[in-house]
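A short worksheet on the structure shown next.
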Amino acid sequence: MVRLVAVAALLSAGLLVLPLPQTAQVRGTAAGQPDLSRIRILAVAPFYDEVYAPDLAALGGVRVSELAARGPIRIVPPGEVAREMQRLGISPAALVSPTSTVAVGRAVGADAVLTGRITLAIRESDRDRDEQPLGGGIYSRVDASIRVLEVPTRLTLFHETFICTAPASLEVAMDCLARDVVRRLGLGR
């Protein structure tokens, strides 16, 4: 009992530092990052398109998967997830349901599933009513809701809306968004 009190006193004074288990150091340690330390295999589902931008939706899942593949978690890419979804008769729109998401995750052997829903995709130019340039050029904006659902527990580990604006095409804005997602989740290296 005396030793526990002494260790607690040293810890609280900052004179004793205990190393964290290896899994706790891998992910979720940066400020604001979700704790994905239990996740060994992450399935990246094809993004769902709410704004009729199917090519952009396809690009979103692929870019997240490519960027995250460089990190410590094994990634099941969207193409493989899509094949399993088709076999199960589950559409990307159905992944709003945790039951469908868990079924897909189990089918591909994942610990968690990352889903994305594109909620806005616009490309604007700086022109007045007479189509005269105003000097700002063209910009694109993509908004997407990203969720990570743990398969065994059905818990939502992460859910956030990402917005990316780029002075170029929608594809560039989607690439920016994918990079932000991977960085925020601590998936890439």
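Please note that chains go A, B, ... in the order of the structure tokens, that every chain numbers its residues from 1, and that ligands are numbered from 1 in the order shown.
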As a short mmCIF file (atom, residue, chain, number, x, y, z; two decimals) with all heavy atoms, in the first residue's frame, please: the residues near range 92-102 of chain A (cut-off 7 Å, only C-alpha atoms, same-chain neighbours under 5 positions excluded).
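Written output follows (selection-v9.cif):
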data_model
loop_
_atom_site.label_atom_id
_atom_site.label_comp_id
_atom_site.auth_asym_id
_atom_site.auth_seq_id
_atom_site.Cartn_x
_atom_site.Cartn_y
_atom_site.Cartn_z
N PRO A 46 -17.31 2.81 -50.49
CA PRO A 46 -17.49 3.83 -51.53
C PRO A 46 -18.33 4.97 -50.96
O PRO A 46 -19.30 4.73 -50.24
CB PRO A 46 -18.27 3.10 -52.62
CG PRO A 46 -18.09 1.65 -52.35
CD PRO A 46 -17.87 1.52 -50.87
N PHE A 47 -17.93 6.19 -51.25
CA PHE A 47 -18.68 7.34 -50.74
C PHE A 47 -20.05 7.39 -51.42
O PHE A 47 -20.20 7.02 -52.58
CB PHE A 47 -17.93 8.64 -51.02
CG PHE A 47 -16.78 8.90 -50.09
CD1 PHE A 47 -16.23 7.90 -49.31
CD2 PHE A 47 -16.24 10.16 -50.00
CE1 PHE A 47 -15.17 8.15 -48.44
CE2 PHE A 47 -15.19 10.44 -49.15
CZ PHE A 47 -14.65 9.44 -48.37
N TYR A 48 -21.03 7.89 -50.68
CA TYR A 48 -22.37 8.08 -51.22
C TYR A 48 -22.49 9.51 -51.70
O TYR A 48 -22.02 10.45 -51.06
CB TYR A 48 -23.42 7.78 -50.15
CG TYR A 48 -24.82 8.09 -50.61
CD1 TYR A 48 -25.40 7.34 -51.63
CD2 TYR A 48 -25.56 9.11 -50.05
CE1 TYR A 48 -26.67 7.62 -52.07
CE2 TYR A 48 -26.84 9.40 -50.48
CZ TYR A 48 -27.39 8.65 -51.49
OH TYR A 48 -28.66 8.92 -51.93
N VAL A 113 -15.51 0.46 -40.24
CA VAL A 113 -15.83 0.88 -41.61
C VAL A 113 -15.88 2.40 -41.64
O VAL A 113 -16.52 3.03 -40.80
CB VAL A 113 -17.19 0.30 -42.07
CG1 VAL A 113 -17.51 0.76 -43.49
CG2 VAL A 113 -17.19 -1.21 -41.98
N VAL A 151 -17.04 -2.22 -35.92
CA VAL A 151 -17.90 -3.35 -36.27
C VAL A 151 -18.35 -4.16 -35.05
O VAL A 151 -19.55 -4.38 -34.88
CB VAL A 151 -17.21 -4.24 -37.34
CG1 VAL A 151 -17.99 -5.52 -37.57
CG2 VAL A 151 -17.05 -3.46 -38.64
N ARG A 154 -20.53 -1.67 -32.72
CA ARG A 154 -21.46 -0.77 -33.41
C ARG A 154 -21.33 0.68 -32.94
O ARG A 154 -22.21 1.49 -33.15
CB ARG A 154 -22.91 -1.25 -33.26
CG ARG A 154 -23.19 -2.57 -33.88
CD ARG A 154 -24.59 -3.06 -33.55
NE ARG A 154 -25.60 -2.11 -33.96
CZ ARG A 154 -26.48 -2.32 -34.93
NH1 ARG A 154 -26.46 -3.46 -35.59
NH2 ARG A 154 -27.38 -1.42 -35.23
#
Would you kindly return, as a VMD selection string, each protein, DNA or RNA residue with an atom no farther than 12 Å from any atom of Val51 in chain A, considering only C-alpha atoms and excluding same-chain residues fewer than 5 positions away?
chain A and resid 56 to 57 117 to 122 142 to 144
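Interatomic distance, CA of Leu157 in chain A against CA of Val44 in chain A: 14.3 Å.
Neighbouring residues of Gly188 in chain A at 10 Å or closer, counting only C-alpha atoms and skipping chain neighbours under 6 positions away, are Val64, Ser65, Glu66, Leu67, Ala68, Ala69, Arg70, Gly71, Pro72, Ile73, Arg179, Val181 and Val182 of chain A.
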May I have the residues within 8 Å of Val148 in chain A as an MDAnalysis selection string, using only C-alpha atoms and disregarding those fewer than 4 positions away in the same chain?
chainID A and resid 112:115 156:159
File of the preceding selection, C-alpha atoms, as a PDB file, in the first residue's frame:
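Wrote result_21.pdb, looks like this:
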ATOM      1  CA  ALA A 112     -14.271  -0.689 -38.514  1.00  0.00           C
ATOM      2  CA  VAL A 113     -15.827   0.881 -41.606  1.00  0.00           C
ATOM      3  CA  LEU A 114     -15.234   4.422 -42.859  1.00  0.00           C
ATOM      4  CA  THR A 115     -18.205   5.840 -44.760  1.00  0.00           C
ATOM      5  CA  THR A 156     -19.403   5.479 -33.837  1.00  0.00           C
ATOM      6  CA  LEU A 157     -15.735   6.218 -33.224  1.00  0.00           C
ATOM      7  CA  PHE A 158     -15.723   9.344 -35.348  1.00  0.00           C
ATOM      8  CA  HIS A 159     -18.269  11.508 -37.182  1.00  0.00           C
TER       9      HIS A 159
END
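Separating CA of Leu187 in chain A from CA of Leu155 in chain A is a distance of 18.8 Å.
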